[in-house]
Amino acid sequence: MLSEPRSGRLAAWGNALLAGLVSPDDAVLAIVGEDAVHRVEGLPGEVGPVGLTLAIGRLRALGVTGLRVALPAPGHPLGLSGPPDFNARALDAEEAVVCHGVTLGFVPEVYEAGPDGDVHVEVVWHCLPVREAPPADVPSLGEAERELAEALRDATELLSRLDVAGSGPVAEAAVGAYRARAERGREVLAPGYPPRAVRVLELAQRVGLLISVAQENGHGGAVSASEMAARAEALRPVERTGRRAQVAAYNAFVEERERGVR
């Protein structure tokens, strides 16, 4: 959760493009990010991979009115609705995008190409059928915001007791660096999202960053097996809460549309 998931960028900017709030060029630029190229494979009516602009235009013609995010993990099919084949591929990728209005979904496959020192990333989004059913375990924005505040407080207290690096100055420095990078030109969400969704996503990214720092900076003072297990147990529900909040934020555009807000 340290970086923005590709499924989040595709859903957020795809929603803005479907709603006519951004140009195709701006949407594709934001979705691709630092990758070299994104293509979509298996789209109905196409015999081979196509670019994002054509793909999103085809989705609109097929009746897609919005895009939702899924961020599943083992034992937690967050945002998924089936069938098993799609769920399995999404779980392997740890993310997916599910269409609203048409029973299609997309799972990214990431490739690295090029010589040492000049490696670039290419992404193929595999278009697959999905089941028409409510997505699993996605909270409302209000629920996600409350859960995040509680999880962040509880985890910080427990990690401090365990003397974990992710609960102190190292984590704060990493958060500061992350915010500085974000302020240099990356929008947290695409145009059209409610301010509360932006707030929830920012907090979820902060929670994810703290978890990543804690995991990447050794064991801190948790030198015994029991202390290490206690830290892992503390991080697990917090990470789950952070993923739920990310999905709630990215999916807010479609949820508001369903309620007739926009």
# chains A, B, ... in the order shown; residues from 1 in each chain; ligands from 1
>>> closest_atom_pairs(of="region 91-139 of chain A", to="region 240-251 of chain A", cutoff="8 Å", atoms="only C-alpha atoms", output="tab-separated table")
residue	atom	partner	partner_atom	distance
A:Asp137	CA	A:Arg244	CA	7.5
A:Val138	CA	A:Arg244	CA	6.1
A:Pro139	CA	A:Ala248	CA	6.0
>>> residues_around(residues="Gly192 (chain A)", least_positions_apart="4", cutoff="9 Å", atoms="only C-alpha atoms", output="number ranges by chain")
A: 15-16, 19, 21, 253
>>> write_last_selection(atoms="N, CA, C and O atoms", output="compact mmCIF listing (two decimals), in the first residue's frame")
# COMPACT_ATOMS: atom_id res chain seq x y z
N ASN A 15 -13.15 6.81 -14.53
CA ASN A 15 -14.45 7.39 -14.15
C ASN A 15 -14.55 8.84 -14.61
O ASN A 15 -15.60 9.27 -15.11
N ALA A 16 -13.47 9.60 -14.41
CA ALA A 16 -13.50 11.00 -14.83
C ALA A 16 -13.66 11.12 -16.34
O ALA A 16 -14.37 12.01 -16.82
N ALA A 19 -17.19 10.28 -17.42
CA ALA A 19 -18.11 11.36 -17.06
C ALA A 19 -17.86 12.64 -17.85
O ALA A 19 -18.58 13.62 -17.67
N LEU A 21 -15.20 14.61 -17.63
CA LEU A 21 -14.57 15.63 -16.79
C LEU A 21 -13.10 15.88 -17.14
O LEU A 21 -12.52 16.86 -16.67
N PHE A 253 -16.99 7.45 -6.41
CA PHE A 253 -17.56 8.07 -7.60
C PHE A 253 -18.79 7.29 -8.07
O PHE A 253 -19.85 7.86 -8.32
>>> residues_around(residues="region 80-94 of chain A", least_positions_apart="6", cutoff="10 Å", atoms="only C-alpha atoms", output="ChimeraX atom specification")
/A:5,7,68-74,104-110,126-138
>>> residues_around(residues="Tyr111 (chain A)", least_positions_apart="3", cutoff="7 Å", atoms="only C-alpha atoms", output="ChimeraX atom specification")
/A:121-123
>>> write_last_selection(atoms="all heavy atoms", output="tab-separated table (two decimals), in the first residue's frame")
chain	number	residue	atom	x	y	z
A	121	VAL	N	8.51	-0.50	-17.61
A	121	VAL	CA	7.39	-1.34	-17.20
A	121	VAL	C	6.26	-1.22	-18.20
A	121	VAL	O	5.86	-0.11	-18.58
A	121	VAL	CB	6.89	-0.95	-15.80
A	121	VAL	CG1	5.64	-1.73	-15.43
A	121	VAL	CG2	7.98	-1.18	-14.77
A	122	GLU	N	5.75	-2.36	-18.63
A	122	GLU	CA	4.58	-2.41	-19.49
A	122	GLU	C	3.48	-3.17	-18.76
A	122	GLU	O	3.75	-4.14	-18.05
A	122	GLU	CB	4.91	-3.11	-20.81
A	122	GLU	CG	6.01	-2.42	-21.61
A	122	GLU	CD	6.35	-3.15	-22.90
A	122	GLU	OE1	5.72	-4.21	-23.16
A	122	GLU	OE2	7.24	-2.68	-23.64
A	123	VAL	N	2.23	-2.73	-18.94
A	123	VAL	CA	1.10	-3.34	-18.25
A	123	VAL	C	0.05	-3.77	-19.27
A	123	VAL	O	-0.31	-2.99	-20.16
A	123	VAL	CB	0.46	-2.36	-17.25
A	123	VAL	CG1	-0.75	-3.00	-16.55
A	123	VAL	CG2	1.49	-1.91	-16.21
>>> residues_around(residues="Val64 (chain A)", least_positions_apart="6", cutoff="9 Å", atoms="only C-alpha atoms", output="MDAnalysis selection string")
chainID A and resid 18 56 58 99:104
>>> residues_around(residues="Leu189 (chain A)", least_positions_apart="2", cutoff="10 Å", atoms="only C-alpha atoms", output="list in words")
Gly8, Arg9, Ala11, Ala12, Trp13, Ala16, Arg186, Glu187, Pro191, Gly192, Tyr193, Pro194, Pro195, Ala197, Val198, Arg199, Leu201, Glu202, Ala249 and Tyr250 of chain A
>>> select_by_dssp(residues="region 7-217 of chain A", states="strand (DSSP E or B)", output="VMD selection string")
chain A and resid 37 to 41 50 to 51 66 to 70 73 76 96 to 100 104 to 113 120 to 129
>>> atom_distance(atom1="CA of Asp25 (chain A)", atom2="CA of Thr65 (chain A)")
19.5 Å
>>> atom_distance(atom1="CA of Gly114 (chain A)", atom2="CA of Glu4 (chain A)")
23.7 Å
>>> select_by_dssp(residues="region 13-153 of chain A", states="alpha helix (DSSP H)", output="PyMOL selection string")
chain A and resi 13-18+24-32+52-62+84-93+141-153
>>> atom_distance(atom1="CA of Ala144 (chain A)", atom2="CA of Glu239 (chain A)")
12.6 Å
